Amino acid sequence: MGIFMGMLFGALENPIHSETMTARQQFVSAARTMGTKSGQMAKTFAVMGAIFAGTECVFEKARAKHDATNTVLAGCATGGSMSARAGPQAACLGCAGFAAFSVVIEKIFDRHN
C-alpha cells in the first residue's frame with residue numbers, strides 16, 4: 001500500500017525548475033521522487049501495521065476477550081503514537097481519528113459478531 005501511495009504522490013509532485021528541464025530530466029526527477037516517496041510511505045505503513053497488530057494482540061491478551069474494543073484501543077494507541085512527535089494535541093487527534101477509522105473498518109468487515 002505504501003509503495004502504491006508513494007508512487008501516486010511522488011508522480012504528482014512537480015520539480016522546482018521544471019520549466020528549464022528537458023523531458024528526460026523531468027522523467028528522471030519524477031522517477032527519483034516516486035522512488036523516495038514509495039520507500040518512505042512503505043516504511044510508514046509497515047510501522048503503522050506493526051504497532052496496530054502488536055497493540056491489538058496485547059490488548060486482547062490482557063483483556064482475555066476478542067471483541068471490537070481491542071480494535072478501538074489499538075487504533076487509539078497507533079494513531080497517538082504515530083502523531084506524538086507533533087505534540088500532545090496532535091497525539092490526541094491522531095488517537096481519536098485512528099480509533100474512529102478502526103470502528104468504521106470494524107463495522108464494514110464485521111469481524112466481531
# chains A, B, ... in the order shown; residues from 1 in each chain; ligands from 1
$ residues_around --residues "Cys76 in chain A" --least-positions-apart "3" --cutoff "6 Å" --atoms "only C-alpha atoms" --output "list in words"
Leu73, Gly79, Gly80, Cys95, Phe98 and Ala99 of chain A
$ write_last_selection --atoms "N, CA and C atoms" --output "mmCIF file, in the first residue's frame"
data_model
loop_
_atom_site.group_PDB
_atom_site.id
_atom_site.type_symbol
_atom_site.label_atom_id
_atom_site.label_comp_id
_atom_site.auth_asym_id
_atom_site.auth_seq_id
_atom_site.Cartn_x
_atom_site.Cartn_y
_atom_site.Cartn_z
ATOM 1 N N LEU A 73 -9.044 0.339 20.915
ATOM 2 C CA LEU A 73 -7.900 0.672 21.754
ATOM 3 C C LEU A 73 -6.595 0.632 20.959
ATOM 4 N N GLY A 79 -2.710 5.597 16.409
ATOM 5 C CA GLY A 79 -2.846 6.992 15.985
ATOM 6 C C GLY A 79 -2.105 7.953 16.894
ATOM 7 N N GLY A 80 -2.178 7.716 18.181
ATOM 8 C CA GLY A 80 -1.488 8.577 19.128
ATOM 9 C C GLY A 80 0.018 8.471 19.023
ATOM 10 N N CYS A 95 -5.094 9.815 17.947
ATOM 11 C CA CYS A 95 -5.744 8.734 18.695
ATOM 12 C C CYS A 95 -7.225 8.646 18.332
ATOM 13 N N PHE A 98 -7.735 7.706 14.417
ATOM 14 C CA PHE A 98 -7.440 6.319 14.059
ATOM 15 C C PHE A 98 -8.419 5.371 14.751
ATOM 16 N N ALA A 99 -8.841 5.703 15.980
ATOM 17 C CA ALA A 99 -9.843 4.878 16.666
ATOM 18 C C ALA A 99 -11.170 4.915 15.907
#
$ select_by_dssp --residues "chain A" --states "helix (DSSP H, G or I)" --output "PyMOL selection string"
chain A and resi 2-12+18-20+23-63+68-82+84-86+88-109
$ closest_residue --among "A:Gly10, A:Met41, A:Ala86, A:Ala96" --to "Ser29 in chain A" --atoms "only C-alpha atoms"
A:Gly10
$ residues_around --residues "range 45-49 of chain A" --least-positions-apart "2" --cutoff "8 Å" --atoms "only C-alpha atoms" --output "ChimeraX atom specification"
/A:1-2,41-43,51-53,78,82
$ residues_around --residues "Asp110 in chain A" --least-positions-apart "6" --cutoff "10 Å" --atoms "only C-alpha atoms" --output "list in words"
Ala68, Val103 and Val104 of chain A
$ write_last_selection --atoms "N, CA, C and O atoms" --output "tab-separated table (two decimals), in the first residue's frame"
chain	number	residue	atom	x	y	z
A	68	ALA	N	-14.52	-5.88	19.55
A	68	ALA	CA	-14.20	-4.64	18.84
A	68	ALA	C	-13.49	-3.62	19.72
A	68	ALA	O	-12.81	-2.74	19.21
A	103	VAL	N	-13.14	1.84	14.03
A	103	VAL	CA	-14.56	1.49	14.24
A	103	VAL	C	-15.27	1.33	12.90
A	103	VAL	O	-16.02	0.38	12.69
A	104	VAL	N	-15.02	2.26	11.98
A	104	VAL	CA	-15.65	2.20	10.66
A	104	VAL	C	-15.24	0.92	9.94
A	104	VAL	O	-16.09	0.20	9.40
$ closest_residue --among "A:Val58, A:Met34, A:Val28, A:Leu93" --to "Met5 in chain A" --atoms "only C-alpha atoms"
A:Met34
$ closest_residue --among "A:Gly35, A:Phe9, A:Ala77, A:Asn14" --to "Cys92 in chain A" --atoms "only C-alpha atoms"
A:Ala77
$ closest_residue --among "A:Ser83, A:Gln26, A:Gln40, A:Thr71" --to "Phe101 in chain A" --atoms "only C-alpha atoms"
A:Thr71
$ atom_distance --atom1 "CA of Phe109 in chain A" --atom2 "CA of Ala74 in chain A"
16.6 Å
$ atom_distance --atom1 "CA of Glu19 in chain A" --atom2 "CA of Thr36 in chain A"
22.1 Å
$ atom_distance --atom1 "CA of Ser102 in chain A" --atom2 "CA of His66 in chain A"
14.9 Å
$ decode --residues "range 11-48 of chain A" --atoms "N, CA, C and O atoms" --output "mmCIF file, in the first residue's frame"
data_model
loop_
_atom_site.group_PDB
_atom_site.id
_atom_site.type_symbol
_atom_site.label_atom_id
_atom_site.label_comp_id
_atom_site.auth_asym_id
_atom_site.auth_seq_id
_atom_site.Cartn_x
_atom_site.Cartn_y
_atom_site.Cartn_z
ATOM 1 N N ALA A 11 4.409 11.080 -8.138
ATOM 2 C CA ALA A 11 4.131 11.489 -9.511
ATOM 3 C C ALA A 11 3.450 12.853 -9.565
ATOM 4 O O ALA A 11 3.606 13.596 -10.532
ATOM 5 N N LEU A 12 2.717 13.197 -8.525
ATOM 6 C CA LEU A 12 2.002 14.477 -8.503
ATOM 7 C C LEU A 12 2.888 15.650 -8.099
ATOM 8 O O LEU A 12 2.506 16.801 -8.292
ATOM 9 N N GLU A 13 4.056 15.354 -7.547
ATOM 10 C CA GLU A 13 4.958 16.414 -7.084
ATOM 11 C C GLU A 13 5.764 16.964 -8.260
ATOM 12 O O GLU A 13 6.383 16.216 -9.001
ATOM 13 N N ASN A 14 5.756 18.280 -8.423
ATOM 14 C CA ASN A 14 6.487 18.922 -9.522
ATOM 15 C C ASN A 14 7.877 19.349 -9.066
ATOM 16 O O ASN A 14 8.039 19.866 -7.973
ATOM 17 N N PRO A 15 8.901 19.165 -9.916
ATOM 18 C CA PRO A 15 10.226 19.667 -9.566
ATOM 19 C C PRO A 15 10.230 21.197 -9.545
ATOM 20 O O PRO A 15 9.413 21.850 -10.197
ATOM 21 N N ILE A 16 11.171 21.769 -8.822
ATOM 22 C CA ILE A 16 11.226 23.224 -8.639
ATOM 23 C C ILE A 16 11.473 23.953 -9.953
ATOM 24 O O ILE A 16 10.831 24.932 -10.272
ATOM 25 N N HIS A 17 12.410 23.471 -10.753
ATOM 26 C CA HIS A 17 12.780 24.136 -12.008
ATOM 27 C C HIS A 17 12.291 23.340 -13.219
ATOM 28 O O HIS A 17 13.032 23.102 -14.163
ATOM 29 N N SER A 18 11.046 22.956 -13.225
ATOM 30 C CA SER A 18 10.543 22.096 -14.296
ATOM 31 C C SER A 18 10.487 22.801 -15.648
ATOM 32 O O SER A 18 10.580 22.152 -16.692
ATOM 33 N N GLU A 19 10.354 24.130 -15.645
ATOM 34 C CA GLU A 19 10.266 24.834 -16.928
ATOM 35 C C GLU A 19 11.601 24.866 -17.668
ATOM 36 O O GLU A 19 11.635 25.029 -18.890
ATOM 37 N N THR A 20 12.717 24.703 -16.951
ATOM 38 C CA THR A 20 14.029 24.716 -17.611
ATOM 39 C C THR A 20 14.572 23.317 -17.855
ATOM 40 O O THR A 20 15.635 23.170 -18.443
ATOM 41 N N MET A 21 13.829 22.295 -17.436
ATOM 42 C CA MET A 21 14.300 20.915 -17.575
ATOM 43 C C MET A 21 13.799 20.313 -18.889
ATOM 44 O O MET A 21 12.710 20.633 -19.359
ATOM 45 N N THR A 22 14.615 19.419 -19.445
ATOM 46 C CA THR A 22 14.179 18.681 -20.633
ATOM 47 C C THR A 22 13.188 17.608 -20.202
ATOM 48 O O THR A 22 13.031 17.330 -19.004
ATOM 49 N N ALA A 23 12.539 16.987 -21.149
ATOM 50 C CA ALA A 23 11.570 15.933 -20.840
ATOM 51 C C ALA A 23 12.249 14.767 -20.134
ATOM 52 O O ALA A 23 11.696 14.186 -19.192
ATOM 53 N N ARG A 24 13.445 14.423 -20.573
ATOM 54 C CA ARG A 24 14.188 13.319 -19.944
ATOM 55 C C ARG A 24 14.523 13.661 -18.493
ATOM 56 O O ARG A 24 14.384 12.822 -17.598
ATOM 57 N N GLN A 25 14.980 14.892 -18.237
ATOM 58 C CA GLN A 25 15.308 15.313 -16.884
ATOM 59 C C GLN A 25 14.066 15.313 -15.987
ATOM 60 O O GLN A 25 14.128 14.933 -14.818
ATOM 61 N N GLN A 26 12.937 15.725 -16.543
ATOM 62 C CA GLN A 26 11.695 15.704 -15.781
ATOM 63 C C GLN A 26 11.294 14.274 -15.438
ATOM 64 O O GLN A 26 10.842 13.993 -14.328
ATOM 65 N N PHE A 27 11.453 13.361 -16.401
ATOM 66 C CA PHE A 27 11.119 11.956 -16.172
ATOM 67 C C PHE A 27 12.017 11.361 -15.087
ATOM 68 O O PHE A 27 11.532 10.670 -14.185
ATOM 69 N N VAL A 28 13.319 11.624 -15.168
ATOM 70 C CA VAL A 28 14.258 11.104 -14.171
ATOM 71 C C VAL A 28 13.946 11.679 -12.794
ATOM 72 O O VAL A 28 13.961 10.961 -11.790
ATOM 73 N N SER A 29 13.655 12.975 -12.742
ATOM 74 C CA SER A 29 13.316 13.614 -11.475
ATOM 75 C C SER A 29 12.041 13.009 -10.881
ATOM 76 O O SER A 29 11.975 12.736 -9.682
ATOM 77 N N ALA A 30 11.041 12.796 -11.717
ATOM 78 C CA ALA A 30 9.785 12.200 -11.247
ATOM 79 C C ALA A 30 10.005 10.771 -10.761
ATOM 80 O O ALA A 30 9.448 10.368 -9.739
ATOM 81 N N ALA A 31 10.836 10.008 -11.466
ATOM 82 C CA ALA A 31 11.119 8.627 -11.060
ATOM 83 C C ALA A 31 11.840 8.599 -9.714
ATOM 84 O O ALA A 31 11.530 7.764 -8.855
ATOM 85 N N ARG A 32 12.803 9.492 -9.523
ATOM 86 C CA ARG A 32 13.513 9.561 -8.236
ATOM 87 C C ARG A 32 12.564 9.937 -7.105
ATOM 88 O O ARG A 32 12.612 9.362 -6.013
ATOM 89 N N THR A 33 11.716 10.919 -7.359
ATOM 90 C CA THR A 33 10.759 11.349 -6.338
ATOM 91 C C THR A 33 9.803 10.223 -5.994
ATOM 92 O O THR A 33 9.518 9.989 -4.812
ATOM 93 N N MET A 34 9.315 9.516 -7.007
ATOM 94 C CA MET A 34 8.412 8.395 -6.763
ATOM 95 C C MET A 34 9.106 7.304 -5.953
ATOM 96 O O MET A 34 8.517 6.727 -5.038
ATOM 97 N N GLY A 35 10.355 7.021 -6.263
ATOM 98 C CA GLY A 35 11.099 6.015 -5.514
ATOM 99 C C GLY A 35 11.300 6.403 -4.066
ATOM 100 O O GLY A 35 11.116 5.585 -3.151
ATOM 101 N N THR A 36 11.665 7.650 -3.844
ATOM 102 C CA THR A 36 11.869 8.133 -2.478
ATOM 103 C C THR A 36 10.574 8.103 -1.684
ATOM 104 O O THR A 36 10.528 7.609 -0.554
ATOM 105 N N LYS A 37 9.511 8.635 -2.279
ATOM 106 C CA LYS A 37 8.210 8.665 -1.599
ATOM 107 C C LYS A 37 7.696 7.248 -1.330
ATOM 108 O O LYS A 37 7.107 6.985 -0.285
ATOM 109 N N SER A 38 7.907 6.337 -2.279
ATOM 110 C CA SER A 38 7.446 4.964 -2.100
ATOM 111 C C SER A 38 8.128 4.311 -0.909
ATOM 112 O O SER A 38 7.481 3.640 -0.108
ATOM 113 N N GLY A 39 9.430 4.516 -0.796
ATOM 114 C CA GLY A 39 10.156 3.946 0.338
ATOM 115 C C GLY A 39 9.698 4.514 1.666
ATOM 116 O O GLY A 39 9.507 3.784 2.645
ATOM 117 N N GLN A 40 9.507 5.830 1.702
ATOM 118 C CA GLN A 40 9.065 6.477 2.939
ATOM 119 C C GLN A 40 7.676 6.003 3.347
ATOM 120 O O GLN A 40 7.431 5.686 4.520
ATOM 121 N N MET A 41 6.769 5.950 2.386
ATOM 122 C CA MET A 41 5.396 5.555 2.721
ATOM 123 C C MET A 41 5.296 4.065 3.038
ATOM 124 O O MET A 41 4.497 3.672 3.890
ATOM 125 N N ALA A 42 6.092 3.242 2.374
ATOM 126 C CA ALA A 42 6.096 1.809 2.687
ATOM 127 C C ALA A 42 6.568 1.595 4.123
ATOM 128 O O ALA A 42 5.991 0.791 4.870
ATOM 129 N N LYS A 43 7.598 2.326 4.523
ATOM 130 C CA LYS A 43 8.093 2.232 5.891
ATOM 131 C C LYS A 43 7.026 2.692 6.885
ATOM 132 O O LYS A 43 6.798 2.048 7.913
ATOM 133 N N THR A 44 6.356 3.802 6.580
ATOM 134 C CA THR A 44 5.317 4.321 7.467
ATOM 135 C C THR A 44 4.170 3.322 7.621
ATOM 136 O O THR A 44 3.705 3.072 8.733
ATOM 137 N N PHE A 45 3.720 2.738 6.499
ATOM 138 C CA PHE A 45 2.639 1.755 6.570
ATOM 139 C C PHE A 45 3.074 0.509 7.319
ATOM 140 O O PHE A 45 2.284 -0.095 8.060
ATOM 141 N N ALA A 46 4.327 0.092 7.172
ATOM 142 C CA ALA A 46 4.826 -1.083 7.886
ATOM 143 C C ALA A 46 4.864 -0.831 9.392
ATOM 144 O O ALA A 46 4.437 -1.679 10.183
ATOM 145 N N VAL A 47 5.355 0.345 9.788
ATOM 146 C CA VAL A 47 5.398 0.694 11.213
ATOM 147 C C VAL A 47 3.988 0.791 11.774
ATOM 148 O O VAL A 47 3.694 0.273 12.857
ATOM 149 N N MET A 48 3.102 1.431 11.021
ATOM 150 C CA MET A 48 1.717 1.577 11.463
ATOM 151 C C MET A 48 1.051 0.206 11.642
ATOM 152 O O MET A 48 0.372 -0.040 12.643
#
